[in-house]
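Undergrad: The structure under discussion is supplied below as structure tokens; questions concerning it will follow.
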Amino acid sequence: MTEHHIPHEGTPVPHGLPSSAAVTVAPAVAAAGTPAVPAVPSGVTTGPVAMVTEDGLPQTDRLRYLDVATRRIARGMDLDETLRELRRAAVPAFADAIHIHLDDPLPVGAERPAAPVVLRLHGDEVPGNATGAPPADGPSAPVLPEVAERVEPAGGGRLAELLLDGRPAFGDAPGNASAVDELLASGGDPPSPLPPGHRLIIAPLHGSHHVMGTVVLLRCADRPAFTGDDLLVASQLATHTALGVQKAVMYGHEAAVADTLQHTMLPSSLPEPTGVRLASRYLPASKTAQVGGDWYDAIPLPGNRVALVVGDVMGHSMTSAAIMGQLRTIVQTLAGLDLPPHEVLHHLDEQAQRLGSDHMATCLYAIYDPISHRLLMANAGHPPAVLLHEDGRAEVLDVPPGAPIGVGGVVFESVEMSAPTGATLVLYTDGLVESRTTDVGSGVEELRLRLQTTAAGPASLETLCDHVLGTLGPGTRDDDIALLTARFEGFPPDSVAYWYLAPHPMTAGQARRLVRRALRRWGLDALLDTTELMVSEVVTNAVRFASRPISLRLLRTEVLRCEVTDDSPLVPRMREAAPGDECGRGLFLVDQLALRWGATRVSSGKVVWFEQKIPAK
């Protein structure tokens, strides 16, 4: 990797470089915390700050240079940025070339590095390029030695000793020639000879727990050689770089874990319920922002209904992602109880308070019934949903927003509305409508207008999602985005049969007769015998426990589904009947004859259902 820099005036430059070659460095924010004091290089004595260095230049020049250089290095947030700032600070102000080797892989935290230690080149900076070739539009540059792409320090060798010692050293110091050969040898060939004098410094990178790599600094013959004071400068550069690398590795590791955690907790796929089509997108925040707690979900409910959920945990951290996972699990559990939306949010609020008062979230919970073509929705401080009608009109749904989840003591309200066939419900998180320059209200109105422009034709949900996200403005996103869309297709009225039956001993026979008529009307005579038998068993079980009329419903889709609802919360379980028992075999017959079956507890009692495959005509 080769970069060229155009010199500017005004930067403090250490000795050996004329002011015309200086580079201006913008002020930067200092690193958090105080960097560790570097080890003193061998052969250099310490004491009060001298007014003049051994080369006759004021010591304050180096101090000013180090102040600016270390600030540049400290402002890097990721590994590439940290190393880039080191290269820009070092070349050409302090050295003519710099080569950085880091452990491969880099250890995270206190974990032990892989053995044997392998160093891999992570970037270099030279006047021309790695071979010393001059730029096309510049004068001939001095030839510098090539550098090894991969270095495996020999056990007990000089390079390994220097890395463990941690102090910068001159490459021409006694005994260091073999270490220089290991770092600069390219393709097995010995490195090119350097000009006489201290032309090379090896500065190990020491983190809090381990050696993390090394920095090689070189000077050409056309400028003064390094001095003992330059070892102190190299030591400071290496120390701040090591801290920056360690910070970047830890930051990257935490961000990767949080991102993986969040993606794992999001739905891997959406269900395909009858009467509604679904599509979703998740767009993470930019790399400069931490992972958030946005989520969405679609949960099948009894009666071919579906719960549509979108939420956002406040904050950006691994904790936010973990809280998001817990809240999503709680919502799924509450949805299984078939509670109305405001009850779901009420219980979610209670559970969120038990997780800690510091964790709040917004959530919108809706239930779509494709048979009644109705939508029931409640909101807990979340941006409002938008309903895109089939005629192209986009409507912001008026649902009381309520307070965020975790506030406590808040009453939520469910609002019922029509869900016309062909309409599309758009649920989203605030990252889609809010930014540094746009408030939520303005962003929601922009989204409404944007959806209207897409309604010129019957665009697919996937195309709609892509268009909504594709119109986001350029720039850094501070928040992630979750998007869930649902297109209402409804359920054909002629494919539904529904009855209420009083619980008495003759109910099972009545149910068989009703089912027989419906199946003959639908041309499903082949399913008469098995369906009548299973309906008889399930209805008989409901009559035993029901205190109010039971409901019997048949739904014809790609399968024939039968649902029996009663007011008893006792969910039947299949058991093995003894030879002399007169009952206990009904669910066993259902299990053997049905394609699928199940029993679900709902707020008004329970639903027992089974499905059969419709034979091809």
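Lettering and numbering for the structure tokens are positional, with chains as A, B, ... in the shown order, residues counted from 1 in each chain, and ligands counted from 1 in the shown order.
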Taking the DSSP assignment computed from this structure's backbone, write out as number ranges by chain all residues of stretch 448-616 of chain A that belong to alpha helix (DSSP H).
TA: A: 448-453, 461-470, 507-521, 528-545, 586-593
Undergrad: From the options A:Met417, A:Val433, A:Glu343, A:Arg64, which residue's atoms come nearest to A:Glu446, counting only C-alpha atoms?
TA: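 The shortest atom-to-atom distance to A:Glu446 comes from A:Val433.
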Undergrad: Near A:Ala234, counting only C-alpha atoms, which residues have an atom at most 8 Å away, once you skip same-chain residues fewer than 4 positions from it, shown as a PyMOL selection string?
TA: chain A and resi 168+201+203+230+238
Undergrad: What is the distance between atom CA of A:Ala90 and atom CA of A:Pro174, in Å to one decimal?
TA: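 Atom CA of A:Pro174 lies 25.5 Å from atom CA of A:Ala90.
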Undergrad: Set the distance at 12 Å and use only C-alpha atoms: which residues neighbour A:Ala459 once local chain neighbours fewer than 5 positions away are removed? I'd like the list as a list of chain:residue names.
TA: A:Leu388, A:Glu390, A:Gly392, A:Gly422, A:Ala423, A:Thr424, A:Leu451, A:Gln452, A:Thr453, A:Thr454, A:Leu464, A:Cys465, A:Asp466, A:His467, A:Arg487
Undergrad: Using only C-alpha atoms, which of A:Pro615, A:Pro224, A:Gly213, A:Pro341 sits nearest A:His198?
TA: A:Pro224
Undergrad: Need to verify the contact set: A:Asp103, 9 Å, only C-alpha atoms, exclusion of same-chain residues closer than 5 positions in sequence. Can you return it as a CSV table (one decimal) with N, CA, C and O atoms, in the first residue's frame?
TA:
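Written output follows (result_13.csv):
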```csv
chain,number,residue,atom,x,y,z
A,113,PRO,N,-2.2,-15.3,22.6
A,113,PRO,CA,-2.0,-15.3,21.1
A,113,PRO,C,-1.7,-16.7,20.6
A,113,PRO,O,-1.3,-17.6,21.4
A,114,ALA,N,-2.0,-16.9,19.3
A,114,ALA,CA,-1.8,-18.2,18.7
A,114,ALA,C,-0.3,-18.5,18.7
A,114,ALA,O,0.6,-17.6,18.6
A,117,VAL,N,3.9,-17.5,16.9
A,117,VAL,CA,3.5,-16.2,16.6
A,117,VAL,C,3.8,-15.9,15.1
A,117,VAL,O,4.9,-16.2,14.6
A,118,VAL,N,2.9,-15.3,14.4
A,118,VAL,CA,3.0,-15.0,13.0
A,118,VAL,C,2.7,-13.5,12.9
A,118,VAL,O,1.7,-13.0,13.3
A,119,LEU,N,3.6,-12.8,12.2
A,119,LEU,CA,3.4,-11.3,12.0
A,119,LEU,C,3.1,-11.2,10.5
A,119,LEU,O,3.8,-11.7,9.6
A,120,ARG,N,2.1,-10.4,10.2
A,120,ARG,CA,1.7,-10.1,8.8
A,120,ARG,C,1.7,-8.6,8.6
A,120,ARG,O,1.3,-7.8,9.4
A,211,VAL,N,2.4,-9.0,23.2
A,211,VAL,CA,3.0,-8.3,22.0
A,211,VAL,C,2.0,-8.4,20.9
A,211,VAL,O,1.4,-9.4,20.6
A,212,MET,N,1.8,-7.2,20.2
A,212,MET,CA,0.8,-7.2,19.2
A,212,MET,C,1.4,-7.0,17.8
A,212,MET,O,0.7,-7.0,16.8
A,213,GLY,N,2.7,-6.7,17.7
A,213,GLY,CA,3.4,-6.6,16.4
A,213,GLY,C,4.6,-5.7,16.6
A,213,GLY,O,5.2,-5.5,17.6
A,214,THR,N,5.0,-5.1,15.4
A,214,THR,CA,6.2,-4.3,15.4
A,214,THR,C,6.1,-3.2,14.3
A,214,THR,O,5.4,-3.4,13.3
```
Undergrad: I want to know what sits within 9 Å of A:Ala378, based on only C-alpha atoms, with residues of the same chain fewer than 5 positions away left out; could you give that as a list in words?
TA: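 The residues satisfying every condition are Pro340, Pro341, His342, Val344, Leu345, Cys363, Leu364, Tyr365, Ala366, Val399, Pro400, Pro401, Gly402, Phe412, Glu413, Ser414 and Val415 of chain A.
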Undergrad: Just how far from atom CA of A:Val306 is atom CA of A:Pro273, in Å to one decimal?
TA: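 Atom CA of A:Val306 lies 7.3 Å from atom CA of A:Pro273.
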Undergrad: Excluding stretch 311-316 of chain A and residues on its chain fewer than 4 positions from it, collect all residues at most 7 Å away from it, counting only C-alpha atoms, and give them as a PyMOL selection string.
TA: chain A and resi 290-296+320+324+360-364+429
Undergrad: Emit the selected residues as a PDB file, in the first residue's frame, including C-alpha atoms.
TA:
```pdb
ATOM      1  CA  GLN A 290     -22.711   0.750  17.561  1.00  0.00           C
ATOM      2  CA  VAL A 291     -25.318  -1.927  17.032  1.00  0.00           C
ATOM      3  CA  GLY A 292     -28.858  -1.061  18.080  1.00  0.00           C
ATOM      4  CA  GLY A 293     -31.873  -2.969  19.379  1.00  0.00           C
ATOM      5  CA  ASP A 294     -34.359  -2.843  16.480  1.00  0.00           C
ATOM      6  CA  TRP A 295     -36.479  -5.920  15.815  1.00  0.00           C
ATOM      7  CA  TYR A 296     -39.546  -7.127  13.957  1.00  0.00           C
ATOM      8  CA  SER A 320     -29.361  -3.167  23.804  1.00  0.00           C
ATOM      9  CA  MET A 324     -34.029  -6.765  22.380  1.00  0.00           C
ATOM     10  CA  MET A 360     -36.761   1.300  27.664  1.00  0.00           C
ATOM     11  CA  ALA A 361     -38.140   0.395  24.275  1.00  0.00           C
ATOM     12  CA  THR A 362     -40.848   1.369  21.831  1.00  0.00           C
ATOM     13  CA  CYS A 363     -43.151  -1.233  20.335  1.00  0.00           C
ATOM     14  CA  LEU A 364     -46.085  -1.455  17.956  1.00  0.00           C
ATOM     15  CA  THR A 429     -38.367   1.815  13.339  1.00  0.00           C
TER      16      THR A 429
END
```
Undergrad: Please measure the separation of atom CA of A:Pro549 and atom CA of A:Asp566, giving the value in Å to one decimal.
TA: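 A separation of 7.1 Å between them.
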Undergrad: Give me, as a ChimeraX atom specification, the residues of stretch 249-341 of chain A that a backbone DSSP run labels strand (DSSP E).
TA: /A:276-283,293-301,305-313
